[in-house]
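Undergrad: See start-v7.cif below, with mmCIF, C-alpha atoms.
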```cif
data_data
#
loop_
_atom_site.label_atom_id
_atom_site.label_comp_id
_atom_site.auth_asym_id
_atom_site.auth_seq_id
_atom_site.Cartn_x
_atom_site.Cartn_y
_atom_site.Cartn_z
CA MET A 1 81.36 87.16 74.91
CA PRO A 2 83.56 90.21 75.53
CA PHE A 3 86.66 90.05 77.68
CA PHE A 4 85.17 92.87 79.76
CA SER A 5 81.79 94.57 80.00
CA GLN A 6 80.03 96.68 82.59
CA ALA A 7 76.81 97.46 80.70
CA ALA A 8 74.55 95.60 83.14
CA THR A 9 76.31 97.19 86.12
CA PHE A 10 75.68 100.69 84.80
CA GLU A 11 72.07 99.91 84.00
CA ARG A 12 71.54 98.72 87.58
CA LEU A 13 73.40 101.69 89.11
CA TRP A 14 72.05 104.36 86.78
CA PRO A 15 69.62 105.94 89.30
CA LEU A 16 72.52 106.52 91.72
CA VAL A 17 74.81 107.73 88.95
CA GLU A 18 72.15 110.05 87.52
CA ALA A 19 71.48 111.64 90.92
CA ARG A 20 75.17 112.36 91.44
CA VAL A 21 75.65 113.68 87.91
CA HIS A 22 72.78 116.11 88.52
CA GLN A 23 74.57 117.28 91.69
CA VAL A 24 77.66 118.05 89.62
CA PHE A 25 75.72 120.03 87.00
CA ASP A 26 73.65 121.86 89.61
CA ARG A 27 76.81 122.93 91.42
CA GLY A 28 78.62 123.91 88.22
CA LYS A 29 82.11 122.73 89.24
CA PHE A 30 83.22 119.87 87.04
CA SER A 31 86.77 119.22 88.24
CA HIS A 32 88.47 119.02 91.61
CA GLY A 33 85.22 119.66 93.47
CA ALA A 34 82.81 118.32 96.06
CA GLN A 35 82.41 114.86 94.51
CA VAL A 36 86.20 114.36 94.51
CA ASP A 37 86.34 115.52 98.12
CA GLU A 38 83.67 113.00 99.14
CA LEU A 39 85.33 110.20 97.19
CA GLN A 40 88.66 110.83 98.91
CA ARG A 41 87.01 110.62 102.34
CA LYS A 42 85.11 107.43 101.52
CA LEU A 43 88.17 105.74 100.01
CA ALA A 44 90.11 106.65 103.16
CA SER A 45 87.41 104.99 105.23
CA TYR A 46 87.36 101.89 102.99
CA THR A 47 91.13 101.39 102.85
CA GLY A 48 92.07 102.68 106.28
CA ALA A 49 94.47 105.22 104.75
CA ARG A 50 94.97 108.44 106.69
CA HIS A 51 95.16 110.35 103.42
CA VAL A 52 93.74 109.75 99.92
CA VAL A 53 94.52 112.19 97.12
CA GLY A 54 92.49 111.88 93.92
CA VAL A 55 94.32 112.46 90.64
CA ASN A 56 93.76 112.12 86.90
CA SER A 57 95.02 108.53 86.42
CA GLY A 58 96.84 105.66 88.05
CA THR A 59 99.96 106.53 86.08
CA ASP A 60 99.89 110.11 87.35
CA ALA A 61 99.44 108.73 90.86
CA LEU A 62 102.68 106.74 90.53
CA VAL A 63 104.63 109.69 89.13
CA LEU A 64 103.42 112.11 91.79
CA LEU A 65 103.95 109.58 94.59
CA LEU A 66 107.58 109.06 93.57
CA ARG A 67 108.17 112.79 93.32
CA ALA A 68 106.48 113.45 96.66
CA CYS A 69 108.67 110.82 98.32
CA GLY A 70 111.81 112.62 97.19
CA LEU A 71 112.93 110.82 94.04
CA ARG A 72 115.93 112.64 92.58
CA PRO A 73 117.08 112.67 88.95
CA GLY A 74 118.91 109.43 88.19
CA ASP A 75 117.83 107.58 91.34
CA GLY A 76 117.44 103.85 90.80
CA VAL A 77 113.96 102.43 91.41
CA LEU A 78 113.73 98.64 91.65
CA VAL A 79 110.59 97.46 89.86
CA PRO A 80 109.28 94.04 88.76
CA ALA A 81 110.26 92.82 85.30
CA TYR A 82 106.67 91.69 84.69
CA SER A 83 103.96 94.35 84.98
CA PHE A 84 102.08 96.97 82.99
CA ILE A 85 104.33 99.52 81.27
CA ALA A 86 103.24 102.28 83.70
CA THR A 87 105.14 100.61 86.54
CA ALA A 88 108.49 101.36 84.91
CA GLY A 89 107.35 104.27 82.74
CA SER A 90 106.31 106.27 85.79
CA VAL A 91 109.86 105.96 87.14
CA VAL A 92 111.26 107.58 84.00
CA LEU A 93 108.57 110.27 84.00
CA ALA A 94 109.44 111.11 87.62
CA GLY A 95 113.13 111.42 86.70
CA GLY A 96 114.41 108.07 87.96
CA ARG A 97 115.98 105.00 86.37
CA PRO A 98 114.16 101.65 86.45
CA GLU A 99 116.14 98.68 87.79
CA PHE A 100 114.36 95.42 87.00
CA VAL A 101 113.80 92.47 89.33
CA ASP A 102 112.55 89.00 88.40
CA ILE A 103 109.25 87.72 89.80
CA ASP A 104 107.97 84.88 91.91
CA PRO A 105 106.58 82.38 89.37
CA VAL A 106 103.43 81.68 91.41
CA THR A 107 102.32 85.15 92.53
CA HIS A 108 103.78 87.02 89.52
CA ALA A 109 104.99 89.66 92.01
CA MET A 110 108.52 90.83 92.76
CA ASP A 111 110.63 88.03 94.24
CA PRO A 112 112.32 89.08 97.53
CA ALA A 113 115.46 87.00 96.87
CA ALA A 114 115.79 88.48 93.39
CA LEU A 115 115.32 91.95 94.87
CA ALA A 116 118.20 91.46 97.30
CA ALA A 117 120.44 90.40 94.41
CA ALA A 118 119.38 93.32 92.18
CA VAL A 119 120.22 96.22 94.52
CA THR A 120 122.90 98.54 93.08
CA PRO A 121 124.78 101.55 94.49
CA ALA A 122 122.29 103.77 92.61
CA SER A 123 119.19 102.09 94.11
CA ARG A 124 117.10 104.45 96.25
CA PHE A 125 113.55 103.12 95.93
CA VAL A 126 111.79 99.77 95.57
CA MET A 127 108.31 99.64 94.04
CA PRO A 128 106.67 96.19 93.92
CA ALA A 129 103.42 95.75 91.99
CA HIS A 130 100.43 93.77 93.24
CA LEU A 131 99.08 91.94 90.20
CA PHE A 132 95.92 90.06 89.26
CA ASP A 133 94.71 88.45 92.49
CA THR A 134 97.16 88.76 95.38
CA MET A 135 99.67 91.07 96.98
CA ALA A 136 103.43 90.80 96.82
CA ASP A 137 105.23 89.42 99.89
CA MET A 138 105.43 92.80 101.58
CA GLY A 139 107.02 91.51 104.79
CA ALA A 140 109.99 90.02 102.99
CA LEU A 141 110.30 92.93 100.56
CA ALA A 142 110.17 95.46 103.39
CA SER A 143 112.96 93.58 105.17
CA VAL A 144 115.19 93.81 102.09
CA ALA A 145 114.31 97.49 101.67
CA ALA A 146 115.19 98.27 105.28
CA ARG A 147 118.48 96.36 105.05
CA HIS A 148 119.57 98.43 102.06
CA GLY A 149 118.06 101.77 103.10
CA LEU A 150 115.51 101.80 100.26
CA THR A 151 112.30 103.83 100.29
CA LEU A 152 109.37 101.43 99.80
CA VAL A 153 106.35 102.50 97.72
CA GLU A 154 103.73 100.29 96.07
CA ASP A 155 102.22 100.05 92.62
CA SER A 156 98.89 98.95 94.07
CA ALA A 157 96.92 100.18 91.06
CA GLU A 158 95.07 96.85 90.69
CA ALA A 159 94.76 96.11 94.38
CA ILE A 160 91.71 97.81 95.85
CA GLY A 161 90.35 95.54 98.59
CA MET A 162 93.59 93.53 98.95
CA ARG A 163 95.01 93.37 102.48
CA ARG A 164 97.90 91.75 104.33
CA ASP A 165 98.40 91.77 108.10
CA GLY A 166 95.34 93.97 108.46
CA ARG A 167 96.71 96.69 106.18
CA HIS A 168 95.34 97.60 102.79
CA ALA A 169 97.59 97.44 99.74
CA GLY A 170 99.50 100.68 99.31
CA LEU A 171 99.95 101.27 103.04
CA HIS A 172 102.95 99.02 103.76
CA GLY A 173 105.55 101.67 102.93
CA ARG A 174 105.42 105.43 102.35
CA GLY A 175 102.46 105.17 100.02
CA GLY A 176 100.71 103.44 97.16
CA VAL A 177 98.23 104.12 94.40
CA LEU A 178 94.87 103.09 92.98
CA SER A 179 93.82 103.10 89.34
CA PHE A 180 90.18 103.52 88.36
CA PHE A 181 90.64 102.61 84.70
CA PRO A 182 87.27 101.23 83.49
CA SER A 183 88.25 97.56 83.70
CA LYS A 184 89.56 97.81 87.28
CA THR A 185 87.68 96.27 90.22
CA LEU A 186 86.46 99.80 90.98
CA GLY A 187 86.35 101.39 87.54
CA ALA A 188 85.34 104.80 86.18
CA LEU A 189 84.08 105.68 82.71
CA GLY A 190 87.51 107.00 81.82
CA ASP A 191 90.81 107.64 83.56
CA ALA A 192 91.14 108.45 87.26
CA GLY A 193 93.46 107.44 90.08
CA ALA A 194 94.47 108.13 93.67
CA VAL A 195 97.45 108.13 96.00
CA LEU A 196 97.11 106.38 99.38
CA THR A 197 99.43 107.25 102.24
CA ASP A 198 99.63 107.51 106.01
CA ASP A 199 102.35 110.16 105.69
CA PRO A 200 100.92 113.71 105.90
CA LEU A 201 103.94 115.25 104.17
CA VAL A 202 103.59 112.90 101.18
CA ALA A 203 99.88 113.70 100.99
CA GLN A 204 100.52 117.44 101.10
CA ARG A 205 103.11 117.22 98.34
CA VAL A 206 100.93 115.09 96.07
CA ALA A 207 97.98 117.43 96.64
CA ALA A 208 100.12 120.38 95.59
CA LEU A 209 101.75 118.61 92.64
CA ARG A 210 98.38 117.61 91.14
CA HIS A 211 97.34 121.28 91.01
CA HIS A 212 100.36 122.96 89.40
CA GLY A 213 102.35 122.93 92.64
CA ARG A 214 99.89 125.07 94.61
CA PRO A 215 99.95 124.34 98.36
CA GLY A 216 97.11 124.47 100.86
CA ARG A 217 93.48 123.65 100.18
CA THR A 218 92.74 123.75 96.46
CA LEU A 219 90.08 121.04 96.36
CA ASP A 220 86.65 122.59 95.73
CA ASP A 221 88.19 126.05 96.19
CA PHE A 222 88.06 128.03 92.96
CA PRO A 223 89.99 131.08 94.27
CA ALA A 224 92.98 128.79 94.87
CA ILE A 225 93.72 129.04 91.15
CA SER A 226 95.53 132.30 91.95
CA THR A 227 97.65 130.78 94.72
CA ALA A 228 101.40 130.92 94.06
CA SER A 229 103.05 127.65 92.97
CA VAL A 230 105.85 126.42 95.23
CA LEU A 231 106.64 123.28 93.19
CA PRO A 232 106.78 122.57 89.44
CA GLY A 233 103.54 120.61 89.39
CA VAL A 234 101.14 119.35 86.73
CA ASN A 235 97.45 119.41 85.96
CA SER A 236 96.31 116.08 87.37
CA LYS A 237 93.01 117.03 88.98
CA MET A 238 90.27 114.39 89.04
CA ASP A 239 87.04 115.18 87.18
CA ASP A 240 83.94 115.34 89.37
CA LEU A 241 81.95 113.29 86.85
CA GLN A 242 84.39 110.40 87.30
CA ALA A 243 84.26 110.82 91.08
CA ALA A 244 80.44 110.80 90.94
CA LEU A 245 80.46 107.51 89.07
CA LEU A 246 83.04 105.99 91.42
CA LEU A 247 80.97 106.98 94.46
CA ALA A 248 77.98 105.15 92.96
CA ARG A 249 80.10 102.08 92.22
CA LEU A 250 81.70 102.14 95.66
CA THR A 251 78.30 101.23 97.14
CA CYS A 252 78.52 97.77 95.56
CA LEU A 253 82.29 97.22 95.65
CA ASP A 254 82.18 94.46 98.28
CA ARG A 255 79.39 92.74 96.34
CA ASP A 256 81.44 92.93 93.15
CA ILE A 257 84.50 91.51 94.90
CA ALA A 258 82.41 88.59 96.20
CA LEU A 259 81.03 87.95 92.70
CA ARG A 260 84.56 87.93 91.28
CA ALA A 261 85.58 85.40 93.93
CA ALA A 262 82.64 83.11 93.08
CA LEU A 263 83.43 83.29 89.36
CA GLY A 264 87.09 82.58 90.08
CA GLU A 265 86.23 79.51 92.14
CA ALA A 266 84.01 78.27 89.29
CA TYR A 267 86.92 78.67 86.86
CA ARG A 268 89.30 76.85 89.24
CA ARG A 269 86.97 73.87 89.67
CA ARG A 270 86.50 73.48 85.93
CA LEU A 271 90.08 74.01 84.78
CA THR A 272 92.15 72.17 87.41
CA GLY A 273 94.06 69.21 85.98
CA LEU A 274 93.57 69.96 82.29
CA PRO A 275 96.50 68.94 80.09
CA GLY A 276 98.55 71.91 79.03
CA VAL A 277 97.27 74.16 81.85
CA VAL A 278 100.47 75.06 83.67
CA ARG A 279 99.12 77.29 86.41
CA LEU A 280 95.87 78.68 87.80
CA PRO A 281 95.41 81.45 90.37
CA ARG A 282 95.74 80.18 93.92
CA PRO A 283 92.67 79.98 96.17
CA PRO A 284 92.17 83.12 98.28
CA THR A 285 94.33 83.54 101.37
CA ALA A 286 92.37 82.59 104.49
CA ALA A 287 94.70 84.05 107.16
CA PRO A 288 93.22 86.63 109.58
CA GLY A 289 93.72 90.21 108.43
CA CYS A 290 94.41 89.11 104.85
CA ALA A 291 92.26 89.46 101.76
CA ASP A 292 92.87 88.62 98.12
CA VAL A 293 90.79 90.13 95.31
CA LEU A 294 90.47 88.67 91.83
CA TYR A 295 91.01 91.55 89.45
CA VAL A 296 92.12 89.29 86.56
CA PHE A 297 91.71 85.52 86.26
CA LEU A 298 95.09 84.70 84.76
CA ILE A 299 96.04 81.22 83.63
CA GLU A 300 99.34 80.02 82.23
CA VAL A 301 99.00 77.57 79.37
CA GLU A 302 101.11 75.86 76.77
CA ARG A 303 100.37 77.14 73.24
CA ARG A 304 98.85 80.32 74.69
CA ASP A 305 98.48 82.14 71.38
CA ALA A 306 96.78 79.17 69.75
CA LEU A 307 94.31 78.93 72.65
CA ALA A 308 93.55 82.66 72.40
CA GLU A 309 92.86 82.27 68.68
CA HIS A 310 90.66 79.23 69.34
CA LEU A 311 88.56 81.20 71.83
CA ALA A 312 88.39 84.27 69.58
CA ARG A 313 87.01 82.18 66.73
CA ARG A 314 84.22 81.17 69.09
CA GLY A 315 83.44 84.73 70.12
CA ILE A 316 85.21 84.64 73.50
CA GLY A 317 87.47 87.58 74.29
CA THR A 318 90.77 87.21 76.15
CA GLU A 319 93.77 89.43 76.92
CA VAL A 320 97.50 88.74 77.15
CA TYR A 321 99.00 90.13 80.38
CA TYR A 322 101.82 91.03 79.48
CA PRO A 323 103.33 89.79 76.20
CA VAL A 324 106.72 91.53 76.54
CA PRO A 325 108.55 91.74 79.89
CA LEU A 326 109.37 95.31 80.84
CA PRO A 327 113.16 95.00 80.43
CA HIS A 328 112.62 93.91 76.81
CA GLN A 329 110.23 96.72 75.90
CA PRO A 330 111.65 99.01 73.18
CA ALA A 331 111.31 101.94 75.58
CA PHE A 332 114.01 100.41 77.80
CA ALA A 333 116.28 98.95 75.11
CA ARG A 334 119.07 101.34 76.10
CA LEU A 335 119.42 99.49 79.42
CA GLY A 336 120.85 96.53 77.51
CA HIS A 337 118.93 93.59 78.96
CA ARG A 338 118.97 90.31 77.02
CA PRO A 339 116.64 87.30 76.75
CA GLY A 340 117.25 85.00 79.69
CA ASP A 341 118.03 87.78 82.18
CA PHE A 342 114.60 87.44 83.84
CA PRO A 343 113.52 83.81 83.32
CA HIS A 344 110.35 83.79 85.44
CA ALA A 345 109.05 87.03 83.91
CA GLU A 346 109.83 85.73 80.42
CA ALA A 347 108.02 82.43 81.10
CA ALA A 348 104.91 84.24 82.32
CA ALA A 349 104.95 86.58 79.33
CA ALA A 350 105.00 83.58 76.98
CA ARG A 351 102.22 81.61 78.72
CA ALA A 352 99.83 83.97 80.52
CA LEU A 353 96.28 84.48 79.28
CA ALA A 354 93.49 86.37 81.05
CA LEU A 355 89.95 85.01 80.80
CA PRO A 356 86.73 87.04 81.06
CA LEU A 357 86.09 88.07 84.67
CA TYR A 358 83.72 90.83 85.77
CA PRO A 359 80.59 91.06 87.94
CA ASP A 360 78.24 91.01 84.93
CA LEU A 361 79.61 87.60 83.87
CA THR A 362 77.46 84.54 84.65
CA ILE A 363 78.37 81.02 85.74
CA ARG A 364 76.78 79.80 82.51
CA GLN A 365 79.25 81.92 80.56
CA VAL A 366 82.12 80.54 82.67
CA ASP A 367 80.90 77.05 81.75
CA ARG A 368 81.09 77.97 78.07
CA VAL A 369 84.61 79.40 78.35
CA CYS A 370 85.84 76.34 80.24
CA ALA A 371 84.19 73.92 77.82
CA GLU A 372 86.06 75.56 74.95
CA ILE A 373 89.34 75.48 76.85
CA ARG A 374 88.78 71.83 77.72
CA ALA A 375 88.09 71.00 74.08
CA PHE A 376 91.26 72.79 72.98
CA CYS A 377 93.50 71.24 75.64
CA THR A 378 92.15 67.72 75.09
CA SER A 379 92.53 68.00 71.32
CA ALA A 380 96.04 69.42 71.65
CA SER A 381 97.07 66.68 74.08
CA HIS A 382 95.76 63.86 71.87
CA GLY A 383 96.57 65.27 68.47
CA ARG A 384 99.64 67.44 68.93
CA GLY A 385 101.51 65.90 71.83
CA THR A 386 101.72 69.00 73.99
CA GLY A 387 102.32 66.95 77.13
CA SER A 388 100.68 66.97 80.51
CA SER A 389 100.17 69.75 83.04
CA THR A 390 103.06 70.77 85.22
CA GLY A 391 100.74 71.72 88.05
CA THR A 392 98.12 74.33 88.84
CA GLY A 393 99.96 76.38 91.43
CA THR A 394 97.12 75.81 93.88
#
```
Could you render the structure as structure tokens?
TA:
Amino acid sequence: MPFFSQAATFERLWPLVEARVHQVFDRGKFSHGAQVDELQRKLASYTGARHVVGVNSGTDALVLLLRACGLRPGDGVLVPAYSFIATAGSVVLAGGRPEFVDIDPVTHAMDPAALAAAVTPASRFVMPAHLFDTMADMGALASVAARHGLTLVEDSAEAIGMRRDGRHAGLHGRGGVLSFFPSKTLGALGDAGAVLTDDPLVAQRVAALRHHGRPGRTLDDFPAISTASVLPGVNSKMDDLQAALLLARLTCLDRDIALRAALGEAYRRRLTGLPGVVRLPRPPTAAPGCADVLYVFLIEVERRDALAEHLARRGIGTEVYYPVPLPHQPAFARLGHRPGDFPHAEAAAARALALPLYPDLTIRQVDRVCAEIRAFCTSASHGRGTGSSTGTGT
């Protein structure tokens, strides 16, 4: 059983995909064209964003968002200590300096109290990341940002469909991003991303930066290639073939989100209370105007690596999210952080394991995964003395 597969999804959607691919070939414009234009409009409608700007990847979206919001060389950007490398790497690529903040041990998102303590004289931005299944506490984080005069942007790459207080992820500050990496809730066949914002100036700047700094309408406008560049931009245009695929997949996004929720509930019922299972994802938030989306079903377990090996021997794929906290990555060694500086991030990095979760997965397959985890945990508890659970976080 693979950790991730979308073969059945593509087989089901192929007639829609094929029709859109033919439109691309018939039109003869394969990048930055009509399919991208349509995708931007439909994503704006889905998320409620006033502006959506399609780009080449989620990482590019973060870099261009920071630049468009006025990041200056050397500006400090407060980011979570536990996230994918792009969260902090994009800061460096945009010319800033990452400043790390410990996480809330339950949500795995930036902790507001830790943020308040981490602000330095160099801090200019704060960029929380929404990970796995729920958003960061944007109300509390926004309050800290306002108190210290920080520009708030969001690494919402994993968060399509997530909402708080009636607002989609990425729209609680000056802007956010989406990633369409294949394994994402809305995934392409390769790399693609987007910037979300309600700020027209940010949207204009990102749109120019993605096309070598050329202002005005460049999308689906071939003559714009001769327009003068007013900014030192990059080539981060979205391919129309990726947009065509995403438009087909967008038709079943709500269905896929509901399937993920049902699979997540099946996992929760079967894994709650097992010895050695430290934490499970919380049930979805039921408050009005709020929505959680299970992108990854992440558990925290004692003897994580041994469990992963046990499952691999039985043909069950898993992934470790994320084995090394960002401050301890070799790329950021020059910042001088030491073990123990970010205890909650370090604990999650040592215990977190992602289980298979995607719309093509079946409840029968969930049963098999959970049966193997139960066998491992029971054996470890009886034979190795690993101790009892410290709670499920639910």
Undergrad: Exactly which residues make up the result of the PyMOL selection byres ((chain A and resi 48-62) around 9) on this file, given as a ChimeraX atom specification?
TA: /A:32,36-37,39-41,43-47,63-67,86-87,89-91,94,154-155,157,167-168,170-171,176-181,190-200,203-204,206-207,210,235-239,243
Undergrad: Would you pick out the contacts of Leu246 (chain A) at 8 Å or less, using only C-alpha atoms, so that residues sharing its chain but fewer than 6 positions from it are not included, and give the list as an MDAnalysis selection string?
TA: chainID A and resid 39 186:188
Undergrad: Using only C-alpha atoms, determine which residues lie at most 10 Å from Glu18 (chain A), disregarding the query and same-chain residues fewer than 6 positions distant; provide the list as a ChimeraX atom specification.
TA: /A:24,244-245,248
Undergrad: Can you write just those residues out, C-alpha atoms, as a compact mmCIF listing (two decimals), in the coordinates of the input?
TA:
```
# COMPACT_ATOMS: atom_id res chain seq x y z
CA VAL A 24 77.66 118.05 89.62
CA ALA A 244 80.44 110.80 90.94
CA LEU A 245 80.46 107.51 89.07
CA ALA A 248 77.98 105.15 92.96
```
Undergrad: For the interface of region 163-202 of chain A with region 357-366 of chain A (cut-off 10 Å, counting all atoms listed in the file), please tabulate each contacting residue of region 163-202 of chain A alongside its nearest pair of atoms and their separation in Å to one decimal, rows sorted by chain and increasing number, as CSV.
TA:
```
residue,atom,partner,partner_atom,distance
A:Ser183,CA,A:Tyr358,CA,8.4
A:Lys184,CA,A:Tyr358,CA,9.2
A:Thr185,CA,A:Tyr358,CA,8.1
```
Undergrad: Go ahead and save the residues from that selection, with C-alpha atoms, as a short mmCIF file (atom, residue, chain, number, x, y, z; two decimals), in the coordinates of the input.
TA:
```
data_model
loop_
_atom_site.label_atom_id
_atom_site.label_comp_id
_atom_site.auth_asym_id
_atom_site.auth_seq_id
_atom_site.Cartn_x
_atom_site.Cartn_y
_atom_site.Cartn_z
CA SER A 183 88.25 97.56 83.70
CA LYS A 184 89.56 97.81 87.28
CA THR A 185 87.68 96.27 90.22
#
```
Undergrad: Name the residues that the PyMOL selection byres ((chain A and resi 257) around 12) pulls out of this structure, and write them as a VMD selection string.
TA: chain A and resid 133 159 to 162 184 to 186 249 to 256 258 to 264 284 291 to 296 357 to 360
Undergrad: Any idea what the distance is between CA of Glu158 (chain A) and CA of His22 (chain A)?
TA: 29.5 Å
Undergrad: Find the spatial neighbours of Arg303 (chain A), counting all atoms listed in the file, within a cut-off of 12 Å - ignore same-chain residues fewer than 3 positions away - and output them as a count of residues only.
TA: 24
Undergrad: Please produce, as JSON lines, a per-residue contact table for region 72-183 of chain A versus region 328-349 of chain A (criterion: any atom at most 6 Å away, only C-alpha atoms considered), showing the nearest atom pair and its distance in Å to one decimal, sorted by chain then residue number.
TA:
```
{"residue": "A:Tyr82", "atom": "CA", "partner": "A:Ala345", "partner_atom": "CA", "distance": 5.3}
{"residue": "A:Asp102", "atom": "CA", "partner": "A:Phe342", "partner_atom": "CA", "distance": 5.2}
{"residue": "A:Ile103", "atom": "CA", "partner": "A:Ala345", "partner_atom": "CA", "distance": 5.9}
{"residue": "A:Pro105", "atom": "CA", "partner": "A:His344", "partner_atom": "CA", "distance": 5.6}
```
Undergrad: Please, could N, CA and C atoms be added to region 174-189 of chain A and the result written as a PDB file, keeping the file's coordinate frame?
TA:
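File out.pdb, as written:
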```pdb
ATOM      1  N   ARG A 174     105.763 104.009 102.266  1.00  0.00           N
ATOM      2  CA  ARG A 174     105.420 105.430 102.350  1.00  0.00           C
ATOM      3  C   ARG A 174     104.139 105.770 101.611  1.00  0.00           C
ATOM      4  N   GLY A 175     103.713 104.903 100.706  1.00  0.00           N
ATOM      5  CA  GLY A 175     102.460 105.170 100.020  1.00  0.00           C
ATOM      6  C   GLY A 175     102.253 104.209  98.870  1.00  0.00           C
ATOM      7  N   GLY A 176     101.066 104.265  98.313  1.00  0.00           N
ATOM      8  CA  GLY A 176     100.710 103.440  97.160  1.00  0.00           C
ATOM      9  C   GLY A 176      99.696 104.181  96.308  1.00  0.00           C
ATOM     10  N   VAL A 177      99.139 103.478  95.338  1.00  0.00           N
ATOM     11  CA  VAL A 177      98.230 104.120  94.400  1.00  0.00           C
ATOM     12  C   VAL A 177      97.030 103.223  94.109  1.00  0.00           C
ATOM     13  N   LEU A 178      95.993 103.820  93.554  1.00  0.00           N
ATOM     14  CA  LEU A 178      94.870 103.090  92.980  1.00  0.00           C
ATOM     15  C   LEU A 178      94.633 103.617  91.572  1.00  0.00           C
ATOM     16  N   SER A 179      94.276 102.717  90.674  1.00  0.00           N
ATOM     17  CA  SER A 179      93.820 103.100  89.340  1.00  0.00           C
ATOM     18  C   SER A 179      92.334 102.801  89.238  1.00  0.00           C
ATOM     19  N   PHE A 180      91.611 103.719  88.598  1.00  0.00           N
ATOM     20  CA  PHE A 180      90.180 103.520  88.360  1.00  0.00           C
ATOM     21  C   PHE A 180      89.891 103.414  86.869  1.00  0.00           C
ATOM     22  N   PHE A 181      90.864 102.914  86.110  1.00  0.00           N
ATOM     23  CA  PHE A 181      90.640 102.610  84.700  1.00  0.00           C
ATOM     24  C   PHE A 181      89.384 101.740  84.585  1.00  0.00           C
ATOM     25  N   PRO A 182      88.586 101.893  83.531  1.00  0.00           N
ATOM     26  CA  PRO A 182      87.270 101.230  83.490  1.00  0.00           C
ATOM     27  C   PRO A 182      87.250  99.753  83.821  1.00  0.00           C
ATOM     28  N   SER A 183      88.292  98.997  83.457  1.00  0.00           N
ATOM     29  CA  SER A 183      88.250  97.560  83.700  1.00  0.00           C
ATOM     30  C   SER A 183      88.656  97.169  85.119  1.00  0.00           C
ATOM     31  N   LYS A 184      89.105  98.128  85.934  1.00  0.00           N
ATOM     32  CA  LYS A 184      89.560  97.810  87.280  1.00  0.00           C
ATOM     33  C   LYS A 184      88.386  97.359  88.153  1.00  0.00           C
ATOM     34  N   THR A 185      88.712  96.761  89.295  1.00  0.00           N
ATOM     35  CA  THR A 185      87.680  96.270  90.220  1.00  0.00           C
ATOM     36  C   THR A 185      86.730  97.397  90.609  1.00  0.00           C
ATOM     37  N   LEU A 186      87.261  98.596  90.825  1.00  0.00           N
ATOM     38  CA  LEU A 186      86.460  99.800  90.980  1.00  0.00           C
ATOM     39  C   LEU A 186      86.826 100.703  89.816  1.00  0.00           C
ATOM     40  N   GLY A 187      85.989 100.713  88.786  1.00  0.00           N
ATOM     41  CA  GLY A 187      86.350 101.390  87.540  1.00  0.00           C
ATOM     42  C   GLY A 187      85.465 102.588  87.245  1.00  0.00           C
ATOM     43  N   ALA A 188      86.061 103.601  86.623  1.00  0.00           N
ATOM     44  CA  ALA A 188      85.340 104.800  86.180  1.00  0.00           C
ATOM     45  C   ALA A 188      84.900 104.617  84.732  1.00  0.00           C
ATOM     46  N   LEU A 189      84.426 105.692  84.127  1.00  0.00           N
ATOM     47  CA  LEU A 189      84.080 105.680  82.710  1.00  0.00           C
ATOM     48  C   LEU A 189      85.231 106.180  81.855  1.00  0.00           C
TER      49      LEU A 189
END
```
